[in-house]
file start.csv (CSV, C-alpha atoms)
chain,number,residue,atom,x,y,z
A,144,MET,CA,0.0,0.0,0.0
A,145,VAL,CA,2.8,2.4,0.9
A,146,TYR,CA,4.5,1.6,-2.4
A,147,GLU,CA,1.3,2.3,-4.4
A,148,ASP,CA,0.8,5.7,-2.6
A,149,ILE,CA,4.4,6.7,-3.6
A,150,CYS,CA,3.8,5.6,-7.2
A,151,ASN,CA,0.5,7.5,-7.4
A,152,PHE,CA,2.1,10.6,-5.9
A,153,GLY,CA,4.9,10.3,-8.5
A,154,MET,CA,2.4,9.9,-11.3
A,155,ASP,CA,0.5,12.9,-10.1
A,156,GLN,CA,3.6,15.0,-10.1
A,157,LEU,CA,4.5,13.8,-13.6
A,158,VAL,CA,1.0,14.8,-14.9
A,159,ILE,CA,1.3,18.2,-13.3
A,160,THR,CA,4.8,18.7,-14.8
A,161,GLN,CA,3.6,17.7,-18.2
A,162,TYR,CA,0.5,19.9,-17.9
A,163,LYS,CA,2.8,22.9,-17.1
A,164,LYS,CA,4.9,22.1,-20.1
A,165,ILE,CA,1.8,22.0,-22.3
A,166,LEU,CA,0.7,25.4,-21.0
A,167,LYS,CA,4.2,26.9,-21.7
A,168,ILE,CA,4.2,25.5,-25.2
A,169,LEU,CA,0.8,27.0,-25.7
A,170,GLN,CA,1.9,30.4,-24.4
A,171,GLU,CA,4.8,30.4,-26.8
A,172,ASN,CA,2.7,29.4,-29.8
A,173,SER,CA,-0.8,30.7,-29.4
A,174,ASN,CA,-2.3,34.1,-28.5
A,175,ILE,CA,-6.1,33.3,-28.1
A,176,LEU,CA,-7.8,31.0,-25.6
A,177,ILE,CA,-11.4,30.2,-26.4
A,178,LEU,CA,-13.8,28.8,-23.8
A,179,LYS,CA,-16.4,26.9,-25.7
A,180,ILE,CA,-19.8,26.3,-24.1
A,181,PRO,CA,-22.3,24.0,-25.8
A,182,ILE,CA,-25.2,25.7,-27.4
A,183,GLU,CA,-28.5,25.1,-25.7
A,184,LYS,CA,-31.9,26.6,-26.0
A,185,VAL,CA,-34.2,27.9,-23.2
A,186,LYS,CA,-37.8,28.9,-23.5
A,187,SER,CA,-38.0,32.3,-21.9
A,188,LYS,CA,-35.8,35.4,-21.8
A,189,GLU,CA,-35.6,35.2,-17.9
A,190,GLU,CA,-34.4,31.6,-18.1
A,191,LYS,CA,-31.8,32.7,-20.8
A,192,GLU,CA,-30.5,35.5,-18.5
A,193,ARG,CA,-30.4,33.2,-15.5
A,194,GLU,CA,-28.4,30.5,-17.4
A,195,GLU,CA,-26.0,33.1,-18.9
A,196,LEU,CA,-25.4,34.6,-15.4
A,197,GLN,CA,-24.7,31.1,-14.0
A,198,THR,CA,-22.2,30.5,-16.7
A,199,LYS,CA,-20.4,33.8,-16.2
A,200,ASN,CA,-20.3,33.2,-12.4
A,201,CYS,CA,-18.2,30.1,-13.0
A,202,LEU,CA,-14.9,30.6,-11.2
A,203,ILE,CA,-12.8,30.2,-14.4
A,204,PHE,CA,-14.7,33.1,-16.0
A,205,LYS,CA,-14.1,35.3,-13.0
A,206,LYS,CA,-10.4,34.6,-12.9
A,207,LEU,CA,-10.0,35.3,-16.7
A,208,GLU,CA,-12.3,38.3,-16.7
A,209,LYS,CA,-9.6,40.9,-17.2
A,210,PHE,CA,-8.2,39.0,-20.3
A,211,PHE,CA,-11.7,38.9,-22.0
A,212,LEU,CA,-11.7,40.0,-25.7
A,213,GLU,CA,-15.2,39.1,-27.0
A,214,SER,CA,-18.0,36.5,-27.1
A,215,ARG,CA,-19.6,34.9,-30.1
A,216,LEU,CA,-22.5,32.6,-30.7
A,217,CYS,CA,-20.9,30.1,-33.2
A,218,ARG,CA,-21.4,26.8,-34.8
A,219,LYS,CA,-18.6,24.3,-34.5
A,220,ASN,CA,-16.8,25.6,-37.6
A,221,GLY,CA,-16.9,29.2,-36.3
A,222,THR,CA,-19.9,30.5,-38.3
A,223,ILE,CA,-21.5,33.2,-36.2
A,224,ILE,CA,-25.2,32.7,-35.3
A,225,LYS,CA,-27.6,35.5,-34.7
A,226,ARG,CA,-28.5,36.1,-31.0
A,227,GLU,CA,-32.2,36.4,-31.7
A,228,LYS,CA,-35.0,34.2,-30.4
A,229,GLY,CA,-35.6,31.3,-32.7
A,230,LYS,CA,-38.7,29.1,-33.2
A,231,LYS,CA,-37.8,26.9,-30.3
A,232,GLY,CA,-36.5,29.5,-27.8
A,233,TYR,CA,-33.5,31.6,-26.9
A,234,TYR,CA,-29.9,30.6,-27.2
A,235,MET,CA,-28.6,30.1,-23.7
A,236,THR,CA,-25.1,31.4,-24.1
A,237,ASP,CA,-22.7,33.1,-26.4
A,238,ASN,CA,-20.9,29.8,-26.8
A,239,TRP,CA,-17.4,31.1,-27.6
A,240,TYR,CA,-15.7,33.3,-25.1
A,241,LEU,CA,-12.4,34.6,-26.5
A,242,TYR,CA,-9.5,35.6,-24.2
A,243,LYS,CA,-6.0,36.7,-24.9
A,244,TYR,CA,-3.5,34.0,-23.9
A,245,ASN,CA,-0.3,35.1,-22.3
A,246,LYS,CA,1.9,34.3,-19.2
A,247,ASP,CA,-0.7,35.7,-16.8
A,248,VAL,CA,-3.5,33.5,-18.2
A,249,ARG,CA,-1.1,30.5,-18.1
A,250,LYS,CA,-0.7,31.2,-14.4
A,251,VAL,CA,-4.5,31.1,-13.9
A,252,LEU,CA,-4.7,27.8,-15.8
A,253,GLN,CA,-1.9,26.3,-13.7
A,254,GLU,CA,-4.0,26.7,-10.6
A,255,TYR,CA,-6.0,23.8,-11.9
A,256,PRO,CA,-4.6,20.3,-11.8
A,257,ASN,CA,-5.3,19.6,-15.4
A,258,ILE,CA,-6.8,21.0,-18.6
A,259,TYR,CA,-10.2,19.4,-17.8
A,260,ALA,CA,-10.6,20.7,-14.3
A,261,PHE,CA,-12.5,23.9,-15.0
A,262,ALA,CA,-15.8,22.3,-15.6
A,263,ASP,CA,-17.0,19.2,-17.5
A,264,TRP,CA,-18.9,21.4,-19.9
A,265,ILE,CA,-16.2,23.8,-21.0
A,266,ASP,CA,-14.1,22.9,-24.0
A,267,LEU,CA,-10.9,24.8,-24.7
A,268,CYS,CA,-9.3,26.0,-27.9
A,269,PHE,CA,-5.9,27.6,-28.1
A,270,VAL,CA,-5.5,29.5,-31.4
A,271,SER,CA,-2.7,31.2,-33.3
A,272,GLU,CA,-3.6,33.2,-36.4
A,273,ASN,CA,-6.9,31.4,-36.9
A,274,LYS,CA,-5.2,28.0,-36.6
A,275,ILE,CA,-6.1,25.6,-33.7
A,276,ILE,CA,-3.0,24.6,-31.8
A,277,LEU,CA,-4.8,22.5,-29.2
A,278,GLN,CA,-8.4,21.7,-28.5
A,279,THR,CA,-10.2,19.7,-25.8
A,280,ILE,CA,-13.5,18.0,-25.6
A,281,ALA,CA,-14.0,18.1,-21.8
A,282,HIS,CA,-17.0,15.8,-21.3
A,283,GLU,CA,-15.1,13.1,-23.1
A,284,GLY,CA,-11.7,13.9,-21.6
A,285,MET,CA,-10.2,14.2,-25.0
A,286,CYS,CA,-7.4,16.6,-26.2
A,287,PHE,CA,-5.9,16.9,-29.6
A,288,GLY,CA,-3.3,19.3,-31.0
A,289,SER,CA,-0.3,20.0,-33.2
A,290,ALA,CA,1.9,16.9,-33.4
A,291,GLU,CA,4.8,19.1,-34.2
A,292,LEU,CA,4.5,21.2,-31.0
A,293,PHE,CA,3.6,18.3,-28.6
A,294,ARG,CA,5.8,15.5,-30.0
A,295,ASP,CA,8.0,15.3,-26.9
A,296,ILE,CA,5.1,15.2,-24.4
call {"tool": "encode", "arguments": {"input": "start.csv", "output": "structure tokens"}}
result
Amino acid sequence: MVYEDICNFGMDQLVITQYKKILKILQENSNILILKIPIEKVKSKEEKEREELQTKNCLIFKKLEKFFLESRLCRKNGTIIKREKGKKGYYMTDNWYLYKYNKDVRKVLQEYPNIYAFADWIDLCFVSENKIILQTIAHEGMCFGSAELFRDI
């Protein structure tokens, strides 16, 4: 049991070290962080406002607030959707929240143990000049990115 605890601790430290390496590589090679929230619809304007407030009160949003650039309601490929009420209701959230990505943002992200720890409904995209460097699908625990940048990790 003691041996297993030591091994698990060592593995945790390795994961944390690798995570920090990934964030550093991202800082050097990307300039935009996108928090992607799945598009949902709600029936009333009050419900829409309540859901948006709940999203924006999430701790990661508060910590990144001073780095905020803009928000967009987008489809997966980046096509912007109008923010109007549709036939089935209102869009819950702006879906894509864009932040500048720099050393200070990296420090915020390092406060979390891994890239999926913010919330199981927040996907991340790290972008440089409209090219995705790394992307996560949080609810599936998946991460994919540039093979050239992350070859050694």
call {"tool": "closest_residue", "arguments": {"input": "start.csv", "among": "A:Val248, A:Leu157, A:Leu196, A:Ile165", "to": "Cys286 (chain A)", "atoms": "all atoms listed in the file"}}
result
A:Ile165
call {"tool": "residues_around", "arguments": {"input": "start.csv", "residues": "Ile275 (chain A)", "least_positions_apart": "3", "cutoff": "10 Å", "atoms": "all atoms listed in the file", "output": "number ranges by chain"}}
result
A: 173, 175-176, 268-272, 278, 287-289
call {"tool": "atom_distance", "arguments": {"input": "start.csv", "atom1": "CA of Lys199 (chain A)", "atom2": "CA of Arg215 (chain A)"}}
result
14.0 Å
call {"tool": "closest_residue", "arguments": {"input": "start.csv", "among": "A:Pro256, A:Gly229, A:Pro181, A:Gly284", "to": "Tyr162 (chain A)", "atoms": "only C-alpha atoms"}}
result
A:Pro256
call {"tool": "closest_residue", "arguments": {"input": "start.csv", "among": "A:Ser187, A:Thr160, A:Gln197, A:Asn245", "to": "Asn172 (chain A)", "atoms": "all atoms listed in the file"}}
result
A:Asn245
call {"tool": "closest_residue", "arguments": {"input": "start.csv", "among": "A:Met285, A:Val251, A:Leu241, A:Ile265", "to": "Lys179 (chain A)", "atoms": "all atoms listed in the file"}}
result
A:Ile265
